[in-house]
Amino acid sequence: MQNRVYEPEKCWVGEEQKICYSTREEAEMAARVAEYDHGVSGLTVYKCEYGDHWHLTRRKS
């Protein structure tokens with residue numbers, strides 16, 4: 001049996017790669033999971049200007 005590691009889709013935003021979420025709802029859920037599982041608060045979501053997907057950020061939108 002082969003171990004497979006999940007690699008999320010990413011795109012370049014500025015000088016960094018960010019995880020892509022298909023919908024705003026998916027990105028918002030990821031932000032809630034990050035807060036609950038890892039204590040990361042203050043995340044917001046935004047629509048990517050380079051593709052048809054969403055990203056997380058700590059910056060205010």
# chains A, B, ... in the order shown; residues from 1 in each chain; ligands from 1
$ residues_around --residues "A:Glu9" --least-positions-apart "5" --cutoff "10 Å" --atoms "only C-alpha atoms" --output "MDAnalysis selection string"
chainID A and resid 17:22
$ residues_around --residues "A:Asp52" --least-positions-apart "3" --cutoff "12 Å" --atoms "only C-alpha atoms" --output "PyMOL selection string"
chain A and resi 11+20-24+46-49+55
$ residues_around --residues "A:Val45" --least-positions-apart "2" --cutoff "8 Å" --atoms "only C-alpha atoms" --output "PDB file with C-alpha atoms, in the first residue's frame"
ATOM      1  CA  ARG A  24     -16.109  31.326   0.006  1.00  0.00           C
ATOM      2  CA  ALA A  27     -12.459  29.128   2.885  1.00  0.00           C
ATOM      3  CA  GLU A  28     -14.551  30.303   5.850  1.00  0.00           C
ATOM      4  CA  ALA A  31     -10.535  29.643   8.845  1.00  0.00           C
ATOM      5  CA  LEU A  43      -8.350  35.045   9.589  1.00  0.00           C
ATOM      6  CA  LYS A  47     -11.502  36.268  -3.681  1.00  0.00           C
ATOM      7  CA  TRP A  54     -10.601  32.041  -2.468  1.00  0.00           C
ATOM      8  CA  HIS A  55      -7.729  32.469   0.020  1.00  0.00           C
ATOM      9  CA  LEU A  56      -7.240  33.165   3.735  1.00  0.00           C
ATOM     10  CA  THR A  57      -5.491  36.215   5.133  1.00  0.00           C
ATOM     11  CA  SER A  61     -10.386  43.122   3.772  1.00  0.00           C
TER      12      SER A  61
END
$ select_by_dssp --residues "chain A" --states "alpha helix (DSSP H)" --output "CSV table (one decimal) with C-alpha atoms, in the first residue's frame"
chain,number,residue,atom,x,y,z
A,24,ARG,CA,-16.1,31.3,0.0
A,25,GLU,CA,-17.9,28.8,2.3
A,26,GLU,CA,-15.0,26.4,2.0
A,27,ALA,CA,-12.5,29.1,2.9
A,28,GLU,CA,-14.6,30.3,5.9
A,29,MET,CA,-14.7,26.7,7.2
A,30,ALA,CA,-10.9,26.4,6.8
A,31,ALA,CA,-10.5,29.6,8.8
A,32,ARG,CA,-12.8,28.2,11.6
A,33,VAL,CA,-10.8,24.9,11.6
A,34,ALA,CA,-7.5,26.8,11.9
A,35,GLU,CA,-8.9,28.8,14.8
A,36,TYR,CA,-10.3,25.7,16.6
A,37,ASP,CA,-7.5,23.2,15.9
A,38,HIS,CA,-4.4,25.6,15.9
$ atom_distance --atom1 "atom CA of A:His53" --atom2 "atom CA of A:Tyr6"
18.5 Å
$ atom_distance --atom1 "atom CA of A:Gly14" --atom2 "atom CA of A:Arg58"
15.1 Å
$ select_by_dssp --residues "chain A" --states "strand (DSSP E or B)" --output "list in words"
Lys10, Cys11, Trp12, Val13, Glu16, Gln17, Lys18, Ile19, Tyr21, Thr44, Val45, Tyr46, Lys47, Trp54, His55, Leu56 and Thr57 of chain A
$ decode --residues "stretch 33-51 of chain A" --atoms "N, CA and C atoms" --output "PDB file, in the first residue's frame"
ATOM      1  N   VAL A  33     -11.625  26.114  11.235  1.00  0.00           N
ATOM      2  CA  VAL A  33     -10.826  24.943  11.630  1.00  0.00           C
ATOM      3  C   VAL A  33      -9.457  25.389  12.138  1.00  0.00           C
ATOM      4  N   ALA A  34      -8.826  26.335  11.447  1.00  0.00           N
ATOM      5  CA  ALA A  34      -7.518  26.841  11.877  1.00  0.00           C
ATOM      6  C   ALA A  34      -7.607  27.459  13.268  1.00  0.00           C
ATOM      7  N   GLU A  35      -8.701  28.175  13.518  1.00  0.00           N
ATOM      8  CA  GLU A  35      -8.865  28.777  14.837  1.00  0.00           C
ATOM      9  C   GLU A  35      -9.094  27.714  15.901  1.00  0.00           C
ATOM     10  N   TYR A  36      -9.961  26.762  15.630  1.00  0.00           N
ATOM     11  CA  TYR A  36     -10.293  25.717  16.603  1.00  0.00           C
ATOM     12  C   TYR A  36      -9.118  24.759  16.836  1.00  0.00           C
ATOM     13  N   ASP A  37      -8.519  24.258  15.753  1.00  0.00           N
ATOM     14  CA  ASP A  37      -7.466  23.244  15.875  1.00  0.00           C
ATOM     15  C   ASP A  37      -6.097  23.810  16.239  1.00  0.00           C
ATOM     16  N   HIS A  38      -5.810  25.036  15.781  1.00  0.00           N
ATOM     17  CA  HIS A  38      -4.450  25.563  15.919  1.00  0.00           C
ATOM     18  C   HIS A  38      -4.371  26.899  16.654  1.00  0.00           C
ATOM     19  N   GLY A  39      -5.512  27.429  17.086  1.00  0.00           N
ATOM     20  CA  GLY A  39      -5.512  28.691  17.825  1.00  0.00           C
ATOM     21  C   GLY A  39      -5.185  29.911  16.968  1.00  0.00           C
ATOM     22  N   VAL A  40      -5.348  29.800  15.661  1.00  0.00           N
ATOM     23  CA  VAL A  40      -5.062  30.914  14.749  1.00  0.00           C
ATOM     24  C   VAL A  40      -6.340  31.739  14.612  1.00  0.00           C
ATOM     25  N   SER A  41      -6.318  32.948  15.154  1.00  0.00           N
ATOM     26  CA  SER A  41      -7.522  33.773  15.086  1.00  0.00           C
ATOM     27  C   SER A  41      -7.305  34.955  14.148  1.00  0.00           C
ATOM     28  N   GLY A  42      -8.394  35.601  13.790  1.00  0.00           N
ATOM     29  CA  GLY A  42      -8.320  36.795  12.966  1.00  0.00           C
ATOM     30  C   GLY A  42      -8.194  36.549  11.475  1.00  0.00           C
ATOM     31  N   LEU A  43      -8.427  35.321  11.024  1.00  0.00           N
ATOM     32  CA  LEU A  43      -8.350  35.045   9.589  1.00  0.00           C
ATOM     33  C   LEU A  43      -9.623  35.507   8.901  1.00  0.00           C
ATOM     34  N   THR A  44      -9.456  36.097   7.730  1.00  0.00           N
ATOM     35  CA  THR A  44     -10.582  36.458   6.884  1.00  0.00           C
ATOM     36  C   THR A  44     -10.348  35.837   5.514  1.00  0.00           C
ATOM     37  N   VAL A  45     -11.358  35.876   4.660  1.00  0.00           N
ATOM     38  CA  VAL A  45     -11.255  35.284   3.327  1.00  0.00           C
ATOM     39  C   VAL A  45     -11.364  36.373   2.265  1.00  0.00           C
ATOM     40  N   TYR A  46     -10.772  36.106   1.109  1.00  0.00           N
ATOM     41  CA  TYR A  46     -10.903  37.029  -0.010  1.00  0.00           C
ATOM     42  C   TYR A  46     -10.849  36.268  -1.321  1.00  0.00           C
ATOM     43  N   LYS A  47     -11.475  36.839  -2.336  1.00  0.00           N
ATOM     44  CA  LYS A  47     -11.502  36.268  -3.681  1.00  0.00           C
ATOM     45  C   LYS A  47     -10.163  36.554  -4.342  1.00  0.00           C
ATOM     46  N   CYS A  48      -9.569  35.538  -4.934  1.00  0.00           N
ATOM     47  CA  CYS A  48      -8.275  35.682  -5.601  1.00  0.00           C
ATOM     48  C   CYS A  48      -8.430  36.518  -6.875  1.00  0.00           C
ATOM     49  N   GLU A  49      -7.529  37.441  -7.061  1.00  0.00           N
ATOM     50  CA  GLU A  49      -7.588  38.260  -8.274  1.00  0.00           C
ATOM     51  C   GLU A  49      -6.968  37.546  -9.473  1.00  0.00           C
ATOM     52  N   TYR A  50      -6.338  36.402  -9.264  1.00  0.00           N
ATOM     53  CA  TYR A  50      -5.663  35.673 -10.332  1.00  0.00           C
ATOM     54  C   TYR A  50      -6.408  34.425 -10.804  1.00  0.00           C
ATOM     55  N   GLY A  51      -7.471  34.042 -10.106  1.00  0.00           N
ATOM     56  CA  GLY A  51      -8.202  32.833 -10.478  1.00  0.00           C
ATOM     57  C   GLY A  51      -9.577  32.820  -9.846  1.00  0.00           C
TER      58      GLY A  51
END
